[in-house]
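Trainee: File upload16.pdb below, PDB, C-alpha atoms:
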MODEL        1
ATOM      1  CA  MET P 181      13.535   1.459  24.735  1.00  0.00           C
ATOM      2  CA  SER P 182      16.057  -0.540  22.732  1.00  0.00           C
ATOM      3  CA  SER P 183      18.394   1.040  20.199  1.00  0.00           C
ATOM      4  CA  THR P 184      16.364  -0.675  17.455  1.00  0.00           C
ATOM      5  CA  ALA P 185      13.144   0.918  18.650  1.00  0.00           C
ATOM      6  CA  GLN P 186      14.802   4.326  18.897  1.00  0.00           C
ATOM      7  CA  LEU P 187      15.723   4.083  15.232  1.00  0.00           C
ATOM      8  CA  LEU P 188      12.205   5.126  14.127  1.00  0.00           C
ATOM      9  CA  ASP P 189      11.077   6.900  17.269  1.00  0.00           C
ATOM     10  CA  GLY P 190       8.840   9.816  16.284  1.00  0.00           C
ATOM     11  CA  VAL P 191       8.189   8.540  12.754  1.00  0.00           C
ATOM     12  CA  ASN P 192       4.556   8.496  11.589  1.00  0.00           C
ATOM     13  CA  ALA P 193       3.848   5.912   8.900  1.00  0.00           C
ATOM     14  CA  LEU P 194       0.803   4.806   6.912  1.00  0.00           C
ATOM     15  CA  VAL P 195       0.739   1.331   5.362  1.00  0.00           C
ATOM     16  CA  THR P 196      -2.093   0.275   3.055  1.00  0.00           C
ATOM     17  CA  GLY P 197      -3.056  -3.372   2.758  1.00  0.00           C
ATOM     18  CA  ALA P 198      -1.774  -3.778   6.319  1.00  0.00           C
ATOM     19  CA  SER P 199      -4.097  -6.527   7.515  1.00  0.00           C
ATOM     20  CA  SER P 200      -2.270  -9.485   5.948  1.00  0.00           C
ATOM     21  CA  GLY P 201       0.685 -10.633   3.878  1.00  0.00           C
ATOM     22  CA  ILE P 202       3.541  -8.270   3.116  1.00  0.00           C
ATOM     23  CA  GLY P 203       1.563  -5.271   4.383  1.00  0.00           C
ATOM     24  CA  PHE P 204       1.134  -6.950   7.753  1.00  0.00           C
ATOM     25  CA  ALA P 205       4.849  -7.819   7.888  1.00  0.00           C
ATOM     26  CA  MET P 206       5.919  -4.273   7.021  1.00  0.00           C
ATOM     27  CA  THR P 207       3.539  -2.778   9.564  1.00  0.00           C
ATOM     28  CA  ASP P 208       4.803  -5.142  12.234  1.00  0.00           C
ATOM     29  CA  ALA P 209       8.443  -4.317  11.448  1.00  0.00           C
ATOM     30  CA  LEU P 210       7.814  -0.562  11.519  1.00  0.00           C
ATOM     31  CA  LEU P 211       5.989  -0.801  14.841  1.00  0.00           C
ATOM     32  CA  ARG P 212       8.765  -2.850  16.429  1.00  0.00           C
ATOM     33  CA  ALA P 213      11.324  -0.323  15.169  1.00  0.00           C
ATOM     34  CA  GLY P 214       9.525   2.425  17.072  1.00  0.00           C
ATOM     35  CA  ALA P 215       7.311   4.038  14.436  1.00  0.00           C
ATOM     36  CA  CYS P 216       3.700   5.012  14.990  1.00  0.00           C
ATOM     37  CA  VAL P 217       1.764   3.264  12.222  1.00  0.00           C
ATOM     38  CA  ALA P 218      -1.671   3.835  10.762  1.00  0.00           C
ATOM     39  CA  ALA P 219      -2.565   0.317   9.605  1.00  0.00           C
ATOM     40  CA  SER P 220      -4.971   0.616   6.706  1.00  0.00           C
ATOM     41  CA  ALA P 221      -7.095  -1.910   4.830  1.00  0.00           C
ATOM     42  CA  ARG P 222     -10.706  -2.337   3.869  1.00  0.00           C
ATOM     43  CA  PRO P 223     -13.006  -2.292   6.911  1.00  0.00           C
ATOM     44  CA  GLY P 224     -13.582  -5.724   8.378  1.00  0.00           C
ATOM     45  CA  LYS P 225     -12.662  -8.368  10.893  1.00  0.00           C
ATOM     46  CA  ARG P 226      -9.191  -8.993   9.440  1.00  0.00           C
ATOM     47  CA  LEU P 227      -8.042  -5.414   9.994  1.00  0.00           C
ATOM     48  CA  ALA P 228      -9.645  -5.292  13.435  1.00  0.00           C
ATOM     49  CA  ALA P 229      -7.948  -8.533  14.494  1.00  0.00           C
ATOM     50  CA  ALA P 230      -4.535  -7.418  13.252  1.00  0.00           C
ATOM     51  CA  VAL P 231      -4.718  -4.088  15.045  1.00  0.00           C
ATOM     52  CA  GLU P 232      -6.042  -5.680  18.217  1.00  0.00           C
ATOM     53  CA  GLY P 233      -3.023  -7.997  18.280  1.00  0.00           C
ATOM     54  CA  TRP P 234      -0.593  -5.082  18.040  1.00  0.00           C
ATOM     55  CA  GLU P 235      -2.511  -3.083  20.620  1.00  0.00           C
ATOM     56  CA  ASP P 236      -2.356  -6.015  23.028  1.00  0.00           C
ATOM     57  CA  GLU P 237       1.435  -5.762  22.808  1.00  0.00           C
ATOM     58  CA  GLY P 238       1.331  -2.046  23.534  1.00  0.00           C
ATOM     59  CA  LEU P 239       2.578  -1.083  20.071  1.00  0.00           C
ATOM     60  CA  PRO P 240       1.649   2.402  18.745  1.00  0.00           C
ATOM     61  CA  VAL P 241      -0.816   1.382  16.039  1.00  0.00           C
ATOM     62  CA  LEU P 242      -3.928   3.080  14.701  1.00  0.00           C
ATOM     63  CA  ALA P 243      -6.610   1.316  12.688  1.00  0.00           C
ATOM     64  CA  LEU P 244      -7.444   3.285   9.546  1.00  0.00           C
ATOM     65  CA  PRO P 245     -10.169   1.579   7.476  1.00  0.00           C
ATOM     66  CA  MET P 246      -9.883   2.621   3.835  1.00  0.00           C
ATOM     67  CA  ASP P 247     -10.791   1.293   0.401  1.00  0.00           C
ATOM     68  CA  VAL P 248      -8.059   2.694  -1.843  1.00  0.00           C
ATOM     69  CA  GLN P 249     -10.219   2.595  -4.986  1.00  0.00           C
ATOM     70  CA  ASP P 250     -12.981   4.687  -3.398  1.00  0.00           C
ATOM     71  CA  PRO P 251     -12.287   8.467  -3.340  1.00  0.00           C
ATOM     72  CA  VAL P 252     -14.859   9.006  -0.595  1.00  0.00           C
ATOM     73  CA  SER P 253     -13.272   6.339   1.601  1.00  0.00           C
ATOM     74  CA  VAL P 254      -9.774   7.733   1.011  1.00  0.00           C
ATOM     75  CA  GLU P 255     -10.879  11.278   1.801  1.00  0.00           C
ATOM     76  CA  HIS P 256     -12.587  10.104   4.988  1.00  0.00           C
ATOM     77  CA  ALA P 257      -9.410   8.290   6.056  1.00  0.00           C
ATOM     78  CA  TYR P 258      -7.362  11.409   5.331  1.00  0.00           C
ATOM     79  CA  ARG P 259      -9.608  13.551   7.495  1.00  0.00           C
ATOM     80  CA  GLU P 260      -9.453  11.025  10.319  1.00  0.00           C
ATOM     81  CA  LEU P 261      -5.671  10.719  10.244  1.00  0.00           C
ATOM     82  CA  SER P 262      -4.964  14.442   9.788  1.00  0.00           C
ATOM     83  CA  ALA P 263      -7.115  15.128  12.850  1.00  0.00           C
ATOM     84  CA  ARG P 264      -4.767  12.894  14.885  1.00  0.00           C
ATOM     85  CA  TRP P 265      -1.374  13.547  13.292  1.00  0.00           C
ATOM     86  CA  SER P 266       0.009  16.852  12.035  1.00  0.00           C
ATOM     87  CA  SER P 267       2.277  15.205   9.461  1.00  0.00           C
ATOM     88  CA  LEU P 268       3.131  11.913   7.789  1.00  0.00           C
ATOM     89  CA  ASP P 269       6.739  10.790   7.379  1.00  0.00           C
ATOM     90  CA  LEU P 270       6.182   7.612   5.373  1.00  0.00           C
ATOM     91  CA  LEU P 271       3.431   6.329   3.092  1.00  0.00           C
ATOM     92  CA  VAL P 272       3.679   2.725   1.920  1.00  0.00           C
ATOM     93  CA  ASN P 273       1.329   2.019  -0.995  1.00  0.00           C
ATOM     94  CA  ASN P 274       0.957  -1.739  -0.673  1.00  0.00           C
ATOM     95  CA  ALA P 275      -2.747  -2.540  -1.074  1.00  0.00           C
ATOM     96  CA  GLY P 276      -3.266  -4.667  -4.147  1.00  0.00           C
ATOM     97  CA  LEU P 277      -5.409  -7.175  -5.958  1.00  0.00           C
ATOM     98  CA  GLY P 278      -3.766 -10.285  -7.387  1.00  0.00           C
ATOM     99  CA  MET P 279      -4.541 -12.603 -10.267  1.00  0.00           C
ATOM    100  CA  ARG P 280      -6.898 -14.752  -8.199  1.00  0.00           C
ATOM    101  CA  THR P 281      -9.500 -12.000  -8.415  1.00  0.00           C
ATOM    102  CA  VAL P 282      -9.883 -12.647 -12.163  1.00  0.00           C
ATOM    103  CA  ASN P 283      -8.601 -16.234 -12.478  1.00  0.00           C
ATOM    104  CA  PRO P 284      -8.455 -18.421  -9.354  1.00  0.00           C
ATOM    105  CA  ARG P 285      -6.439 -21.038 -11.301  1.00  0.00           C
ATOM    106  CA  PHE P 286      -3.993 -18.614 -12.892  1.00  0.00           C
ATOM    107  CA  ALA P 287      -0.964 -20.654 -11.795  1.00  0.00           C
ATOM    108  CA  VAL P 288      -2.012 -23.794 -13.691  1.00  0.00           C
ATOM    109  CA  GLU P 289      -4.504 -22.498 -16.264  1.00  0.00           C
ATOM    110  CA  PRO P 290      -3.370 -19.108 -17.647  1.00  0.00           C
ATOM    111  CA  GLN P 291      -6.255 -17.079 -19.027  1.00  0.00           C
ATOM    112  CA  PRO P 292      -5.752 -15.212 -22.333  1.00  0.00           C
ATOM    113  CA  PHE P 293      -6.499 -11.510 -22.277  1.00  0.00           C
ATOM    114  CA  TRP P 294      -9.637 -11.867 -24.426  1.00  0.00           C
ATOM    115  CA  GLU P 295     -11.264 -13.984 -21.726  1.00  0.00           C
ATOM    116  CA  VAL P 296     -10.563 -11.519 -18.903  1.00  0.00           C
ATOM    117  CA  PRO P 297     -13.800  -9.923 -17.656  1.00  0.00           C
ATOM    118  CA  LEU P 298     -13.881  -6.159 -18.061  1.00  0.00           C
ATOM    119  CA  LYS P 299     -14.911  -5.615 -14.438  1.00  0.00           C
ATOM    120  CA  GLY P 300     -11.961  -7.669 -13.226  1.00  0.00           C
ATOM    121  CA  PHE P 301      -9.614  -5.636 -15.396  1.00  0.00           C
ATOM    122  CA  HIS P 302     -11.039  -2.375 -14.065  1.00  0.00           C
ATOM    123  CA  ASP P 303     -10.918  -3.529 -10.435  1.00  0.00           C
ATOM    124  CA  VAL P 304      -7.270  -4.606 -10.532  1.00  0.00           C
ATOM    125  CA  LEU P 305      -6.147  -1.388 -12.233  1.00  0.00           C
ATOM    126  CA  ALA P 306      -8.276   0.650  -9.829  1.00  0.00           C
ATOM    127  CA  VAL P 307      -6.499  -0.786  -6.801  1.00  0.00           C
ATOM    128  CA  ASN P 308      -2.983  -1.504  -8.067  1.00  0.00           C
ATOM    129  CA  CYS P 309      -2.393   1.734  -9.939  1.00  0.00           C
ATOM    130  CA  THR P 310      -5.172   4.269  -9.448  1.00  0.00           C
ATOM    131  CA  GLY P 311      -5.177   3.436  -5.739  1.00  0.00           C
ATOM    132  CA  TYR P 312      -1.492   4.373  -5.460  1.00  0.00           C
ATOM    133  CA  PHE P 313      -2.209   7.679  -7.186  1.00  0.00           C
ATOM    134  CA  LEU P 314      -5.322   8.445  -5.158  1.00  0.00           C
ATOM    135  CA  VAL P 315      -3.799   7.718  -1.752  1.00  0.00           C
ATOM    136  CA  ALA P 316      -0.549   9.576  -2.496  1.00  0.00           C
ATOM    137  CA  LYS P 317      -2.429  12.569  -3.912  1.00  0.00           C
ATOM    138  CA  THR P 318      -4.867  12.761  -1.006  1.00  0.00           C
ATOM    139  CA  PHE P 319      -2.291  12.361   1.773  1.00  0.00           C
ATOM    140  CA  PHE P 320       0.354  14.538   0.106  1.00  0.00           C
ATOM    141  CA  PRO P 321      -0.433  17.609   2.263  1.00  0.00           C
ATOM    142  CA  MET P 322       0.429  15.566   5.369  1.00  0.00           C
ATOM    143  CA  ILE P 323       3.614  14.259   3.738  1.00  0.00           C
ATOM    144  CA  THR P 324       4.839  17.813   3.170  1.00  0.00           C
ATOM    145  CA  ALA P 325       3.476  19.273   6.421  1.00  0.00           C
ATOM    146  CA  GLY P 326       6.558  18.453   8.482  1.00  0.00           C
ATOM    147  CA  THR P 327       9.975  17.370   7.341  1.00  0.00           C
ATOM    148  CA  PRO P 328       9.249  16.266   3.744  1.00  0.00           C
ATOM    149  CA  GLY P 329       8.591  12.568   3.833  1.00  0.00           C
ATOM    150  CA  ARG P 330       8.824   9.487   1.685  1.00  0.00           C
ATOM    151  CA  ILE P 331       6.425   7.481  -0.467  1.00  0.00           C
ATOM    152  CA  VAL P 332       7.159   3.807  -1.109  1.00  0.00           C
ATOM    153  CA  ASN P 333       5.195   2.025  -3.834  1.00  0.00           C
ATOM    154  CA  ILE P 334       5.271  -1.772  -3.855  1.00  0.00           C
ATOM    155  CA  THR P 335       6.026  -3.201  -7.290  1.00  0.00           C
ATOM    156  CA  MET P 336       6.745  -6.521  -9.008  1.00  0.00           C
ATOM    157  CA  ASN P 337       9.547  -7.818 -11.223  1.00  0.00           C
ATOM    158  CA  HIS P 338       9.453  -7.095 -14.942  1.00  0.00           C
ATOM    159  CA  ALA P 339       9.071 -10.766 -15.855  1.00  0.00           C
ATOM    160  CA  THR P 340       5.748 -10.856 -14.015  1.00  0.00           C
ATOM    161  CA  MET P 341       4.616  -7.737 -15.872  1.00  0.00           C
ATOM    162  CA  CYS P 342       5.040  -9.639 -19.164  1.00  0.00           C
ATOM    163  CA  ARG P 343       4.004 -13.126 -18.055  1.00  0.00           C
ATOM    164  CA  THR P 344       1.559 -15.137 -20.162  1.00  0.00           C
ATOM    165  CA  GLY P 345      -1.947 -15.007 -18.744  1.00  0.00           C
ATOM    166  CA  PHE P 346      -1.169 -12.111 -16.393  1.00  0.00           C
ATOM    167  CA  VAL P 347      -3.679  -9.577 -17.663  1.00  0.00           C
ATOM    168  CA  PRO P 348      -4.586  -7.442 -15.781  1.00  0.00           C
ATOM    169  CA  TYR P 349      -2.073  -7.876 -12.932  1.00  0.00           C
ATOM    170  CA  GLY P 350       1.040  -7.395 -15.095  1.00  0.00           C
ATOM    171  CA  PRO P 351      -0.202  -4.200 -16.773  1.00  0.00           C
ATOM    172  CA  SER P 352      -1.345  -2.810 -13.418  1.00  0.00           C
ATOM    173  CA  ARG P 353       2.148  -3.172 -11.947  1.00  0.00           C
ATOM    174  CA  ALA P 354       3.811  -1.779 -15.064  1.00  0.00           C
ATOM    175  CA  ALA P 355       1.520   1.244 -14.872  1.00  0.00           C
ATOM    176  CA  ALA P 356       2.278   1.684 -11.169  1.00  0.00           C
ATOM    177  CA  GLU P 357       6.011   1.614 -11.907  1.00  0.00           C
ATOM    178  CA  SER P 358       5.679   4.329 -14.540  1.00  0.00           C
ATOM    179  CA  LEU P 359       3.519   6.306 -12.127  1.00  0.00           C
ATOM    180  CA  SER P 360       6.175   5.947  -9.418  1.00  0.00           C
ATOM    181  CA  ARG P 361       8.959   7.249 -11.648  1.00  0.00           C
ATOM    182  CA  ILE P 362       6.918  10.311 -12.623  1.00  0.00           C
ATOM    183  CA  MET P 363       5.857  10.896  -9.024  1.00  0.00           C
ATOM    184  CA  ALA P 364       9.527  10.855  -8.018  1.00  0.00           C
ATOM    185  CA  GLU P 365      10.363  13.517 -10.598  1.00  0.00           C
ATOM    186  CA  ASP P 366       7.383  15.676  -9.670  1.00  0.00           C
ATOM    187  CA  ALA P 367       7.950  15.441  -5.911  1.00  0.00           C
ATOM    188  CA  LYS P 368      11.704  15.998  -5.791  1.00  0.00           C
ATOM    189  CA  ASP P 369      11.257  19.765  -6.067  1.00  0.00           C
ATOM    190  CA  VAL P 370       9.359  19.768  -2.767  1.00  0.00           C
ATOM    191  CA  GLY P 371      11.798  17.394  -1.079  1.00  0.00           C
ATOM    192  CA  VAL P 372       9.607  14.285  -1.065  1.00  0.00           C
ATOM    193  CA  THR P 373      11.315  11.028  -2.012  1.00  0.00           C
ATOM    194  CA  VAL P 374       9.408   8.386  -3.977  1.00  0.00           C
ATOM    195  CA  ASN P 375      10.783   4.857  -4.109  1.00  0.00           C
ATOM    196  CA  MET P 376       9.670   1.524  -5.538  1.00  0.00           C
ATOM    197  CA  LEU P 377      10.112  -1.605  -3.430  1.00  0.00           C
ATOM    198  CA  LEU P 378      10.253  -5.075  -4.941  1.00  0.00           C
ATOM    199  CA  PRO P 379       9.743  -7.539  -2.061  1.00  0.00           C
ATOM    200  CA  GLY P 380      11.815 -10.690  -2.345  1.00  0.00           C
ATOM    201  CA  GLY P 381      11.514 -14.195  -0.979  1.00  0.00           C
ATOM    202  CA  ALA P 382       7.723 -14.420  -1.159  1.00  0.00           C
ATOM    203  CA  THR P 383       5.055 -15.293  -3.695  1.00  0.00           C
ATOM    204  CA  PRO P 384       2.016 -13.328  -2.475  1.00  0.00           C
ATOM    205  CA  ASP P 385      -1.271 -12.902  -4.286  1.00  0.00           C
ATOM    206  CA  TRP P 386      -2.411  -9.676  -2.668  1.00  0.00           C
ATOM    207  CA  ASP P 387      -6.033  -8.958  -1.974  1.00  0.00           C
ATOM    208  CA  ASP P 388      -5.604  -6.358   0.752  1.00  0.00           C
ATOM    209  CA  SER P 389      -7.120  -3.194  -0.579  1.00  0.00           C
TER
ENDMDL
END
I'd like the structure from this file rewritten - as structure tokens, please.

Mentor:
Amino acid sequence: MSSTAQLLDGVNALVTGASSGIGFAMTDALLRAGACVAASARPGKRLAAAVEGWEDEGLPVLALPMDVQDPVSVEHAYRELSARWSSLDLLVNNAGLGMRTVNPRFAVEPQPFWEVPLKGFHDVLAVNCTGYFLVAKTFFPMITAGTPGRIVNITMNHATMCRTGFVPYGPSRAAAESLSRIMAEDAKDVGVTVNMLLPGGATPDWDDS
């Protein structure tokens, strides 16, 4: 094993939205650095294909189908993973819905907030903020079961949070950032670190819940 792989040897990680985009890239990087990774996304061919590719390379990956906005799905995923692993060192909350879910032409035709459908607003908040809360809350016993671990919540720059036509994506990320800061304060007394990560160099429109 290379020195790079040894860096994360023995680390158990869970990445949501792992079947494509930034989630796929983070999962791939963690696996190649030696971590065991539960790759999570909504059930389907995309997740299966991604995991199959890693398995073909002999990387220590586990498929964990999960819809982060569905408490039943999240609880089922928790039971499945806790039956395999005794603890979780790293949770990356990455699954998200982007602006295309409410306005496919958001980049060229911004949609004012009063034209945003209520269901679209609810769905984006449910994944991008409530999903972070639900997954972190549900998997928290595993995060504290061993050496207290780390939660990383993916966020977006403040300009995007205030951008014209970016309801509900902007508010969902602003809410997730506030949530992250409070989670960090709450969890520090039990030794769990909560960080926000702002990915750079990419312009994704996530739809990987």

Trainee: Run the PyMOL selection byres ((chain P and resi 194) around 8) mentally over the shown coordinates, then write out the matched residues as an MDAnalysis selection string, using the chain letters and numbers from the document.

Mentor: chainID P and resid 192:193 195:196 217:220 268 270:272

Trainee: Give me the result of the PyMOL selection byres ((chain P and resi 214) around 7) on this file, residue by residue, as a list in words.

Mentor: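 Against this file, the PyMOL selection byres ((chain P and resi 214) around 7) returns the residues Ala185, Gln186, Leu187, Leu188, Asp189, Leu210, Leu211, Arg212, Ala213, Ala215 and Cys216 of chain P.
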
Trainee: In Å, rounded to a single decimal, give me how far CA of Asp269 (chain P) is from CA of Ile323 (chain P).

Mentor: 5.9 Å

Trainee: Which residues fall under the PyMOL selection byres ((chain P and resi 343) around 12) in this file, as a short mmCIF file (atom, residue, chain, number, x, y, z; two decimals) with C-alpha atoms, in the frame of the given file?

Mentor:
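Below is the file that was written, expr_27.cif:
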data_model
loop_
_atom_site.label_atom_id
_atom_site.label_comp_id
_atom_site.auth_asym_id
_atom_site.auth_seq_id
_atom_site.Cartn_x
_atom_site.Cartn_y
_atom_site.Cartn_z
CA MET P 279 -4.54 -12.60 -10.27
CA PHE P 286 -3.99 -18.61 -12.89
CA ALA P 287 -0.96 -20.65 -11.80
CA PRO P 290 -3.37 -19.11 -17.65
CA GLN P 291 -6.26 -17.08 -19.03
CA PRO P 292 -5.75 -15.21 -22.33
CA PHE P 293 -6.50 -11.51 -22.28
CA MET P 336 6.74 -6.52 -9.01
CA ASN P 337 9.55 -7.82 -11.22
CA HIS P 338 9.45 -7.10 -14.94
CA ALA P 339 9.07 -10.77 -15.86
CA THR P 340 5.75 -10.86 -14.02
CA MET P 341 4.62 -7.74 -15.87
CA CYS P 342 5.04 -9.64 -19.16
CA THR P 344 1.56 -15.14 -20.16
CA GLY P 345 -1.95 -15.01 -18.74
CA PHE P 346 -1.17 -12.11 -16.39
CA VAL P 347 -3.68 -9.58 -17.66
CA PRO P 348 -4.59 -7.44 -15.78
CA TYR P 349 -2.07 -7.88 -12.93
CA GLY P 350 1.04 -7.40 -15.10
CA PRO P 351 -0.20 -4.20 -16.77
CA ARG P 353 2.15 -3.17 -11.95
CA ALA P 354 3.81 -1.78 -15.06
#

Trainee: Quote the spacing between CA of Pro321 (chain P) and CA of Glu260 (chain P) in Å to one decimal place.

Mentor: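 Rounded to one decimal, the two atoms are 13.8 Å apart.
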
Trainee: When you count all atoms listed in the file, which of these residues is closest to Gly326 (chain P): P:His256, P:Gly371, P:Tyr312, P:Ala205?

Mentor: P:Gly371

Trainee: I'd like the interatomic distance between CA of Ser267 (chain P) and CA of Gly233 (chain P), to a tenth of an Å.

Mentor: 25.4 Å

Trainee: Taking only N, CA and C atoms, show region 306-322 of chain P of the given structure as a PDB file, in the first residue's frame.

Mentor:
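Saved result, result_16.pdb, follows:
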ATOM      1  N   ALA P 306     -35.987  20.538   1.522  1.00  0.00           N
ATOM      2  CA  ALA P 306     -36.012  19.225   2.155  1.00  0.00           C
ATOM      3  C   ALA P 306     -34.708  18.466   1.952  1.00  0.00           C
ATOM      4  N   VAL P 307     -34.104  18.632   0.787  1.00  0.00           N
ATOM      5  CA  VAL P 307     -32.848  17.936   0.507  1.00  0.00           C
ATOM      6  C   VAL P 307     -31.647  18.737   1.007  1.00  0.00           C
ATOM      7  N   ASN P 308     -31.592  20.015   0.657  1.00  0.00           N
ATOM      8  CA  ASN P 308     -30.389  20.816   0.882  1.00  0.00           C
ATOM      9  C   ASN P 308     -30.175  21.261   2.316  1.00  0.00           C
ATOM     10  N   CYS P 309     -31.229  21.283   3.106  1.00  0.00           N
ATOM     11  CA  CYS P 309     -31.082  21.671   4.505  1.00  0.00           C
ATOM     12  C   CYS P 309     -31.607  20.593   5.448  1.00  0.00           C
ATOM     13  N   THR P 310     -32.884  20.255   5.309  1.00  0.00           N
ATOM     14  CA  THR P 310     -33.442  19.226   6.191  1.00  0.00           C
ATOM     15  C   THR P 310     -32.709  17.905   6.023  1.00  0.00           C
ATOM     16  N   GLY P 311     -32.278  17.604   4.801  1.00  0.00           N
ATOM     17  CA  GLY P 311     -31.525  16.371   4.569  1.00  0.00           C
ATOM     18  C   GLY P 311     -30.224  16.337   5.346  1.00  0.00           C
ATOM     19  N   TYR P 312     -29.518  17.471   5.422  1.00  0.00           N
ATOM     20  CA  TYR P 312     -28.285  17.535   6.208  1.00  0.00           C
ATOM     21  C   TYR P 312     -28.583  17.224   7.673  1.00  0.00           C
ATOM     22  N   PHE P 313     -29.639  17.868   8.187  1.00  0.00           N
ATOM     23  CA  PHE P 313     -30.038  17.651   9.575  1.00  0.00           C
ATOM     24  C   PHE P 313     -30.417  16.196   9.828  1.00  0.00           C
ATOM     25  N   LEU P 314     -31.252  15.648   8.950  1.00  0.00           N
ATOM     26  CA  LEU P 314     -31.772  14.303   9.163  1.00  0.00           C
ATOM     27  C   LEU P 314     -30.668  13.256   9.125  1.00  0.00           C
ATOM     28  N   VAL P 315     -29.781  13.353   8.155  1.00  0.00           N
ATOM     29  CA  VAL P 315     -28.697  12.367   8.047  1.00  0.00           C
ATOM     30  C   VAL P 315     -27.734  12.492   9.229  1.00  0.00           C
ATOM     31  N   ALA P 316     -27.347  13.715   9.572  1.00  0.00           N
ATOM     32  CA  ALA P 316     -26.420  13.909  10.693  1.00  0.00           C
ATOM     33  C   ALA P 316     -27.040  13.426  12.007  1.00  0.00           C
ATOM     34  N   LYS P 317     -28.307  13.751  12.212  1.00  0.00           N
ATOM     35  CA  LYS P 317     -28.994  13.331  13.437  1.00  0.00           C
ATOM     36  C   LYS P 317     -29.078  11.810  13.521  1.00  0.00           C
ATOM     37  N   THR P 318     -29.455  11.171  12.425  1.00  0.00           N
ATOM     38  CA  THR P 318     -29.661   9.728  12.433  1.00  0.00           C
ATOM     39  C   THR P 318     -28.355   8.965  12.613  1.00  0.00           C
ATOM     40  N   PHE P 319     -27.293   9.415  11.947  1.00  0.00           N
ATOM     41  CA  PHE P 319     -26.018   8.699  11.999  1.00  0.00           C
ATOM     42  C   PHE P 319     -25.122   9.152  13.152  1.00  0.00           C
ATOM     43  N   PHE P 320     -25.586  10.104  13.956  1.00  0.00           N
ATOM     44  CA  PHE P 320     -24.750  10.640  15.021  1.00  0.00           C
ATOM     45  C   PHE P 320     -24.282   9.568  16.010  1.00  0.00           C
ATOM     46  N   PRO P 321     -25.108   8.586  16.380  1.00  0.00           N
ATOM     47  CA  PRO P 321     -24.603   7.547  17.283  1.00  0.00           C
ATOM     48  C   PRO P 321     -23.379   6.809  16.735  1.00  0.00           C
ATOM     49  N   MET P 322     -23.316   6.605  15.431  1.00  0.00           N
ATOM     50  CA  MET P 322     -22.140   5.959  14.838  1.00  0.00           C
ATOM     51  C   MET P 322     -20.934   6.891  14.850  1.00  0.00           C
TER      52      MET P 322
END
